[in-house]
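Report on the following structure.
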Amino acid sequence: MKKILVIGAGPIIIGQACEFDYSGTQACKTLKEENYKVILLNSNPATIMTDFEIADSIYLEKINLNNLIKIIIKEKPNFILPIMGGQTGLNCIMDLINSNFKHNSKILGINKKTLINAENRKIFFKFIKNIGFKCPDSIILTKKDNINIKKINFPCIIRSSFTLGGLGSGIAYSKKDFFLLIKNSFSFSKEIIIDKSILGWKEYELELLIDNYSNVIVICCIENIDPVGIHTGDSITITPAQTLSDKEYQNLRDCSFIILKSIGLRGAGANVQFAINPQNGDILIIEMNPRVSRSSALASKATGYPIAKISTKISIGYNLLNLLNDITYKNLPASFEPSIDYVVIKFPKFNFDKFNNINYLNTMMKSVGEIMSIGSSFHESFIKAIFSLIEIEKIPSFIKGKNFNNYKFLLLKKIINPNSKRIFYIIDAFRLNFNIKFIFCLCKIDPWFLFNIKNIIEYEIIFFKKIKKKIIIYKQIDSCSNEFICPTSYLYSTKNNFNELREIFNKKILIIGSGTNRIGQSIEFDYCCAKAAKFIKKIGFCSILINCNPETVSTDYDVSSKLIFDPLIYTYIKNLIVFIKPNFIILHLGGQIPLIFLKKNKLINKKILSLNKKINFICNSKNKFNNFLFILKFNIFNNYYSKNKNDLIFFFCILKKPLILRPSYIIGGSLIKILDNKKNFLTYLKKISFKNFIFIEEFLEKSKEFDIDVLLEKGKILIYFILEHIEYAGIHSGDSMGVFPVFSLNNKNKKKINYFINVICFKLKLNGIINFQICFKKKFFIIECNPRASRTIPFISKSSKFPFLYNYISLLLGYNVFFKKNVSNFFFFKESIFPVNKFNVLKLGPEMKSTGEIMGIGLSIQEGFLKTQEIINNLIHLNLKNFFCFFKYLKKKLKITNNSFIKKIFFDIHIFSKTSKIMKKKNLISNFFKKLHNKNTYTSKPMIKIFLSSLLKNDFTIRKINKI
């Protein structure tokens with residue numbers, strides 16, 4: 001059997017999210033169908049791509065040249081497939097090509113010449129001019145070059161080579177901006193390019209496939225509603241293109257065909273980005289990606305064409321003319337270009353509230369997720385997109401309670417300067433009777449879109465009436481506009497006469513998905529939904545999934561029996577339930593969002609498996625849960641709750657500081673703060689709303705925290721796993737480093753935890769998957785109980801090899817649960833990844849800020865710990881107060897003095913504190929002082945102990961997680 005090594009994309013970061021996990025998962029499944037032995041290199045434990053059934057050999061290691069060479073030596077693969085790993089995969093394979101390492105593995109989908117021609121901006125621009133096309137006028141700089149500022153015309157666009165998500169790019173409007181951006185760009189790349197400004201031009205993107213025989217097809221043309229100047233990942237986009245004439249489209253198509261064939265790309269997917277001058281129709285080529293891109297997932301879900309699957313097949317030698325398209329039930333060849341009879345709109349999702357509300361958009365990507373909506377017209381699709389994004393049934397307005405004259409000036413600023421809410425400010429401007437021409441001058445969004453957005457305000461009322469009267473049906477997404485018989489299972493709701501959703505005779509189980517990715521609710525919940533949908537389908541039931549996220553595996557065409565692409569709001573879910581009449585509904589697996597529907601309707605509540613309204617109310621309301629713990633005589637902190645501001649101020653003054661404040665019904669620790677002074681407290685009160693109760697309680701400093709995932713049946717615990725946090729309580733569990741199995745608890749304390757969770761589960765008669773958070777300092781305190789799947793489920797499933805989701809579904813449906821205890825000598829570390837390159841991530845707290853996570857596996861705690869530090873590749877910072885007591889031990893044990901060991905361990909240790917200068921001179925380790933509140937500031941004693949004990953370990957063994 002031939003072996004093929006697939007390079008993944010690594011942890012989720014802004015600019016490279018779970019679109020590449022979707023592509024990589026589809027690629028691995030396709031290769032297994034073709035009887036290849038699949039070897040996978042990826043460091044992300046949260047994705048379904050690193051699940052045991054996806055690949056034959058899985059290496060959860062850092063994606064770098066060193067580990068790649070080790071795997072090639074160990075596994076001796078026949079082929080390497082890097083094009084599914086985003087920019088990370090391409091950079092890694094480029095390092096391998098440039099290294100002197102000799103190997104017999106053939107690289108598929110890309111070669112050195114194509115990679116340099118496409119990724120090196122200087123060479124790419126020369127290449128484009130040589131074949132007769134135009135690029136923006138530009139100056140290319142390296143670190144050695146001198147900058148002649150007189151040649152630069154402002155504004156200008158600065159971009160860097162070999163980066164992802166527009167990292168290091170920006171728009172310079174002045175000399176000051178220019179020099180700041182240049183310095184920033186060179187920190188991410190050796191080469192940068194300064195483009196002449198084309199701000200305000202229209203931007204288009206073509207998704208293409210080319211096989212080894214130079215057959216090329218266009219999957220779709222995506223138009224950016226926002227003009228050039230905003231990264232495509234942050235822009236509102238639409239397909240098919242609405243303002244492009246047929247002649248212009250054919251020009252773009254011909255250009256992209258010539259570029260792909262000339263650049264030497266064969267057997268891969270690609271995308272080409274164009275800019276068109278709206279005044280004279282001039283076409284410029286912005287860039288080309290010689291790989292499956294971020295927008296490939298969107299194009300695949302929008303058209304129903306399995307881009308990653310076909311791209312994988314043509315990379316191993318298939319011909320587009322001979323391949324058949326699965327979604328059309330093999331009625332059409334893969335060379336048949338998709339045709340769609342509906343409108344698809346993508347809206348980006350932002351989390352600026354987590355990062356001091358620095359809300360501006362430019363060429364550097366800042367969105368953390370996206371939603372996709374499908375409708376039979378622009379108006380319907382646009383309204384559905386807004387519903388999906390804000391998860392309520394109305395178009396938001398900022399007019400209420402405003403002074404109109406002042407608000408009009410604010411509107412002008414908000415429309416001129418691109419920001420995450422600009423589209424809502426434009427709608428407000430139309431409500432205040434602004435002119436289309438005037439708004440076009442401010443934002444440069446095409447007048448066709450502005451005209452239709454203006455009509456939406458009137459259309460909104462009619463649209464609401466229709467969906468509430470249930471005048472909707474379900475239409476198929478079949479990639480051929482119903483020209484051929486294609487009984488696909490991929491559907492969307494619309495208002496029409498003919499329904500294409502066929503009668504289902506099997507027992508039906510509806511799974512409500514997690515919606516768009518955001519900080520606090522990401523790919524981990526999609527992992528749960530996808531696993532459950534596949535298992536339900538496999539055992540003979542009909543799994544129906546509703547979701548609106550185009551990036552994920554759960555919205556792939558072959559995961560569930562029926563996929564409904566609709567907003568996750570009450571009206572759409574109620575209509576779907578009335579229409580398909582499911583036997584059961586599963587809400588647990590989509591995070592906090594689906595649990596909202598428990599409040600709404602008795603029809604839904606009756607069919608929900610293993611969870612009722614009362615239990616959800618107790619667990620999600622902190623005051624109810626604390627009252628429940630008080631009745632059980634468990635330890636609780638002094639606390640109070642109220643909707644009244646004055647009451648909260650009074651109790652803040654009485655209770656012992658520091659105090660933790662938390663609103664009810666939140667995601668990712670949103671608006672939870674630890675406060676110790678009145679000034680910060682009063683500032684905090686201005687930010688929050690008092691619709692739900694605000695809970696205030698004493699905070700236990702320097703206490704250990706544990707995450708416990710439990711599987712139980714009717715109040716009886718079947719199995720549970722404890723994940724220990726290395727940092728002290730006070731940092732959100734999603735941001736904290738975790739280790740499995742626990743190493744600091746003795747058997748007596750483990751029995752106490754067992755007793756506490758057993759009593760709570762029995763009294764509440766809980767069922768299914770439950771997550772507990774417990775802190776410990778002399779006594780145990782139950783922080784919270786979540787009656788749903790938690791974000792640690794994928795990590796625990798892979799660390800313990802326990803099939804959590806399969807057993808959970810079996811338990812709900814009344815089947816036997818499969819138990820097999822795997823005893824392992826290994827330690828599994830989970831470390832969080834933060835968007836430090838995009839935002840200023842200051843001191844961490846109970847509000848989650850990480851976008852993804854990585855895993856480190858070691859035979860010792862030190863090896864596992866150090867692997868995670870190697871993966872994130874950051875500087876190490878130590879708190880000097882805690883460090884002194886361990887430095888004495890270090891000197892005696894390892895005979896280390898002052899600066900001598902820095903070179904040995906490949907870390908630069910930074911020290912900061914209010915310690916006196918004399919103390920610093922005596923115990924100085926690094927000559928560099930900097931006050932930082934970084935993620936890697938090791939302030940807790942357990943962190944410093946682990947770090948110091950792992951200093952001399954610099955050689956790592958790579959291991960298959962399958963074999964552990």
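Residue names in the structure tokens use chain letters A, B, ... in the order shown, residue numbers from 1 in each chain, and ligand numbers from 1 in the order shown.
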Taking the backbone alone, and naming residues the way the document does, which bits of segment 345-538 of chain A are strand (DSSP E) by DSSP, as a list in words?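 Listing strand (DSSP E) positions across segment 345-538 of chain A yields Ile345, Lys346, Phe347, Pro348, Lys349, Gly369, Glu370, Ile371, Met372, Ser373, Ile374, Gly375, Ile473, Tyr474, Lys475, Gln476, Tyr490, Leu491, Tyr492, Ser493, Thr494, Lys508, Ile509, Leu510, Ile511 and Ile512 of chain A.
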Do you know which residues are at most 10 Å from Ile649 of chain A counting only C-alpha atoms, after dropping those on the same chain fewer than 4 positions away, and could you put them as a PyMOL selection string? chain A and resi 644-645+653-654+678+681-682+685
Could you turn the residues from that selection into a file that holds N, CA, C and O atoms, as a PDB file, in the first residue's frame?
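Saved as part.pdb:
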ATOM      1  N   ASN A 644     -29.940  45.462  40.048  1.00  0.00           N
ATOM      2  CA  ASN A 644     -29.910  46.859  40.483  1.00  0.00           C
ATOM      3  C   ASN A 644     -28.469  47.327  40.674  1.00  0.00           C
ATOM      4  O   ASN A 644     -27.697  46.702  41.406  1.00  0.00           O
ATOM      5  N   LYS A 645     -28.107  48.432  40.042  1.00  0.00           N
ATOM      6  CA  LYS A 645     -26.744  48.951  40.097  1.00  0.00           C
ATOM      7  C   LYS A 645     -26.340  49.354  41.520  1.00  0.00           C
ATOM      8  O   LYS A 645     -25.235  49.064  41.979  1.00  0.00           O
ATOM      9  N   CYS A 653     -18.683  47.014  48.172  1.00  0.00           N
ATOM     10  CA  CYS A 653     -17.996  47.651  49.298  1.00  0.00           C
ATOM     11  C   CYS A 653     -17.904  46.721  50.510  1.00  0.00           C
ATOM     12  O   CYS A 653     -16.939  46.773  51.277  1.00  0.00           O
ATOM     13  N   ILE A 654     -18.909  45.852  50.706  1.00  0.00           N
ATOM     14  CA  ILE A 654     -18.966  44.984  51.894  1.00  0.00           C
ATOM     15  C   ILE A 654     -18.072  43.748  51.766  1.00  0.00           C
ATOM     16  O   ILE A 654     -17.342  43.393  52.694  1.00  0.00           O
ATOM     17  N   LYS A 678     -12.664  50.275  43.476  1.00  0.00           N
ATOM     18  CA  LYS A 678     -13.956  50.875  43.122  1.00  0.00           C
ATOM     19  C   LYS A 678     -13.939  51.550  41.751  1.00  0.00           C
ATOM     20  O   LYS A 678     -14.934  51.528  41.030  1.00  0.00           O
ATOM     21  N   PHE A 681     -14.440  49.006  39.128  1.00  0.00           N
ATOM     22  CA  PHE A 681     -15.792  48.470  39.287  1.00  0.00           C
ATOM     23  C   PHE A 681     -16.826  49.389  38.636  1.00  0.00           C
ATOM     24  O   PHE A 681     -17.714  48.940  37.908  1.00  0.00           O
ATOM     25  N   LEU A 682     -16.701  50.692  38.871  1.00  0.00           N
ATOM     26  CA  LEU A 682     -17.647  51.655  38.293  1.00  0.00           C
ATOM     27  C   LEU A 682     -17.511  51.734  36.771  1.00  0.00           C
ATOM     28  O   LEU A 682     -18.497  51.892  36.050  1.00  0.00           O
ATOM     29  N   LEU A 685     -19.392  48.711  35.418  1.00  0.00           N
ATOM     30  CA  LEU A 685     -20.853  48.855  35.446  1.00  0.00           C
ATOM     31  C   LEU A 685     -21.395  49.623  34.242  1.00  0.00           C
ATOM     32  O   LEU A 685     -22.521  49.399  33.808  1.00  0.00           O
TER      33      LEU A 685
END
Residue with smallest distance to Lys3 of chain A - pool A:Ile708, A:Ile39, A:Ile667, A:Leu389, counting only C-alpha atoms: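 The answer is A:Ile39, which sits nearest to Lys3 of chain A.
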Phe133 of chain A environment, 8 Å, only C-alpha atoms, sequence neighbours closer than 5 positions dropped, as a PyMOL selection string: chain A and resi 128+255+284-285
Please produce an output containing all heavy atoms for each residue in the selection, written as a compact mmCIF listing (two decimals), in the first residue's frame.
# COMPACT_ATOMS: atom_id res chain seq x y z
N ILE A 128 3.71 38.30 -14.19
CA ILE A 128 2.41 38.78 -14.71
C ILE A 128 2.62 39.79 -15.85
O ILE A 128 1.92 39.74 -16.87
CB ILE A 128 1.57 39.42 -13.56
CG1 ILE A 128 1.15 38.35 -12.54
CG2 ILE A 128 0.35 40.15 -14.11
CD1 ILE A 128 0.26 37.27 -13.07
N CYS A 255 -8.01 35.39 -18.26
CA CYS A 255 -6.79 35.80 -17.56
C CYS A 255 -6.32 34.72 -16.59
O CYS A 255 -5.15 34.35 -16.56
CB CYS A 255 -7.02 37.09 -16.76
SG CYS A 255 -7.07 38.57 -17.73
N LEU A 284 -6.64 44.71 -12.92
CA LEU A 284 -5.33 44.45 -12.32
C LEU A 284 -5.37 43.12 -11.57
O LEU A 284 -6.39 42.78 -10.96
CB LEU A 284 -4.94 45.57 -11.34
CG LEU A 284 -4.73 46.98 -11.90
CD1 LEU A 284 -4.39 47.93 -10.76
CD2 LEU A 284 -3.63 47.01 -12.95
N ILE A 285 -4.26 42.39 -11.61
CA ILE A 285 -4.16 41.14 -10.84
C ILE A 285 -3.50 41.48 -9.50
O ILE A 285 -2.39 42.03 -9.47
CB ILE A 285 -3.34 40.06 -11.59
CG1 ILE A 285 -4.16 39.50 -12.77
CG2 ILE A 285 -3.02 38.89 -10.68
CD1 ILE A 285 -3.79 40.03 -14.07
Proximity check segment 706-801 of chain A to segment 805-816 of chain A, 10 Å, nearest pairs one decimal Å, only C-alpha atoms, as JSON lines:
{"residue": "A:Leu711", "atom": "CA", "partner": "A:Tyr808", "partner_atom": "CA", "distance": 7.1}
{"residue": "A:Leu712", "atom": "CA", "partner": "A:Tyr808", "partner_atom": "CA", "distance": 8.5}
{"residue": "A:Glu713", "atom": "CA", "partner": "A:Leu811", "partner_atom": "CA", "distance": 7.2}
{"residue": "A:Asn767", "atom": "CA", "partner": "A:Leu812", "partner_atom": "CA", "distance": 8.4}
{"residue": "A:Gly768", "atom": "CA", "partner": "A:Tyr808", "partner_atom": "CA", "distance": 6.0}
{"residue": "A:Ile769", "atom": "CA", "partner": "A:Tyr808", "partner_atom": "CA", "distance": 6.9}
{"residue": "A:Ala789", "atom": "CA", "partner": "A:Leu805", "partner_atom": "CA", "distance": 9.2}
{"residue": "A:Ile793", "atom": "CA", "partner": "A:Leu805", "partner_atom": "CA", "distance": 8.5}
{"residue": "A:Pro794", "atom": "CA", "partner": "A:Leu805", "partner_atom": "CA", "distance": 9.3}
{"residue": "A:Ser797", "atom": "CA", "partner": "A:Leu805", "partner_atom": "CA", "distance": 8.5}
Leaving out segment 440-452 of chain A and any residue of its chain fewer than 3 positions from it, which residues lie within 10 Å of it when counting only C-alpha atoms, given as an mmCIF file with C-alpha atoms, in the first residue's frame?
data_model
loop_
_atom_site.group_PDB
_atom_site.id
_atom_site.type_symbol
_atom_site.label_atom_id
_atom_site.label_comp_id
_atom_site.auth_asym_id
_atom_site.auth_seq_id
_atom_site.Cartn_x
_atom_site.Cartn_y
_atom_site.Cartn_z
ATOM 1 C CA LEU A 199 -8.510 51.938 -2.858
ATOM 2 C CA GLY A 200 -12.147 52.056 -3.959
ATOM 3 C CA TRP A 201 -11.711 49.644 -6.888
ATOM 4 C CA LYS A 202 -14.039 46.632 -7.098
ATOM 5 C CA ASN A 224 -16.482 41.602 -2.594
ATOM 6 C CA ILE A 225 -19.265 44.017 -1.651
ATOM 7 C CA ASP A 226 -16.616 46.122 0.130
ATOM 8 C CA PRO A 227 -14.091 47.788 -2.228
ATOM 9 C CA VAL A 228 -10.314 47.191 -2.331
ATOM 10 C CA GLN A 242 -23.795 40.750 -9.297
ATOM 11 C CA THR A 243 -22.139 43.823 -10.848
ATOM 12 C CA PRO A 278 -15.287 51.078 -11.801
ATOM 13 C CA PHE A 378 -30.310 39.293 -2.883
ATOM 14 C CA HIS A 379 -32.799 40.687 -0.348
ATOM 15 C CA PHE A 382 -28.909 39.489 2.881
ATOM 16 C CA LEU A 412 -20.412 59.908 8.354
ATOM 17 C CA LYS A 413 -17.308 58.886 10.335
ATOM 18 C CA LYS A 414 -18.457 55.276 10.667
ATOM 19 C CA ILE A 415 -19.253 54.945 6.944
ATOM 20 C CA ILE A 416 -15.995 56.586 5.761
ATOM 21 C CA ASN A 417 -13.755 54.499 8.066
ATOM 22 C CA PRO A 418 -14.195 50.733 7.458
ATOM 23 C CA ARG A 422 -20.349 49.702 8.749
ATOM 24 C CA ILE A 423 -23.132 47.885 6.888
ATOM 25 C CA ILE A 426 -25.301 52.385 6.046
ATOM 26 C CA ILE A 427 -28.780 50.908 6.712
ATOM 27 C CA PHE A 430 -30.984 55.082 4.549
ATOM 28 C CA ASN A 435 -28.863 59.797 -0.755
ATOM 29 C CA ILE A 436 -27.346 56.700 -2.510
ATOM 30 C CA LYS A 437 -24.846 58.897 -4.407
ATOM 31 C CA ASN A 455 -34.899 48.382 -0.506
ATOM 32 C CA ILE A 456 -34.233 45.851 2.266
ATOM 33 C CA ILE A 457 -35.649 48.226 4.899
ATOM 34 C CA TYR A 459 -38.641 44.343 2.315
#
Choose the residue, out of A:Asn575, A:Ser493, A:Gln476, A:Asn419, that has the smallest atom-to-atom separation from Gly375 of chain A; count only C-alpha atoms.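 Ranked by minimum distance to Gly375 of chain A, first place goes to A:Ser493.
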I'd like the contact shell of Lys531 of chain A - 9 Å cut-off, only C-alpha atoms, skipping same-chain residues fewer than 5 positions apart - returned as a PyMOL selection string. chain A and resi 48+526+536+554+559+805-806
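With only C-alpha atoms as the atoms that count, the residue of A:Ala729, A:Ile283, A:Ile263, A:Ile439 with the shortest distance to Asn251 of chain A is A:Ile283.
The shortest atom-to-atom distance to Thr555 of chain A, with only C-alpha atoms taken into account, belongs to A:Ile512 out of A:Ile512, A:Leu661, A:Leu632, A:Ile585.
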Tell me which protein, DNA and RNA residues are within 7 Å of Asn962 of chain A, counting only C-alpha atoms, leaving out same-chain ones fewer than 4 positions away, and put them as a list in words. Phe52, Ser57 and Ile58 of chain A
Write the residues you've just listed into a file as a PDB file, in the first residue's frame, and include N, CA and C atoms for each of them.
ATOM      1  N   PHE A  52      -8.906   9.773  15.197  1.00  0.00           N
ATOM      2  CA  PHE A  52      -8.257   8.498  14.877  1.00  0.00           C
ATOM      3  C   PHE A  52      -8.758   7.858  13.589  1.00  0.00           C
ATOM      4  N   SER A  57      -1.921   7.157  10.425  1.00  0.00           N
ATOM      5  CA  SER A  57      -0.878   7.550  11.384  1.00  0.00           C
ATOM      6  C   SER A  57      -0.984   9.049  11.608  1.00  0.00           C
ATOM      7  N   ILE A  58      -1.170   9.441  12.869  1.00  0.00           N
ATOM      8  CA  ILE A  58      -1.362  10.867  13.192  1.00  0.00           C
ATOM      9  C   ILE A  58      -0.225  11.341  14.087  1.00  0.00           C
TER      10      ILE A  58
END
I'd like the neighbourhood of segment 501-509 of chain A as a VMD selection string, where a residue qualifies if any of its atoms comes within 9 Å (using only C-alpha atoms), though same-chain residues fewer than 4 positions away should be ignored. chain A and resid 473 to 476 489 491 533 536 540 to 545 580 to 586
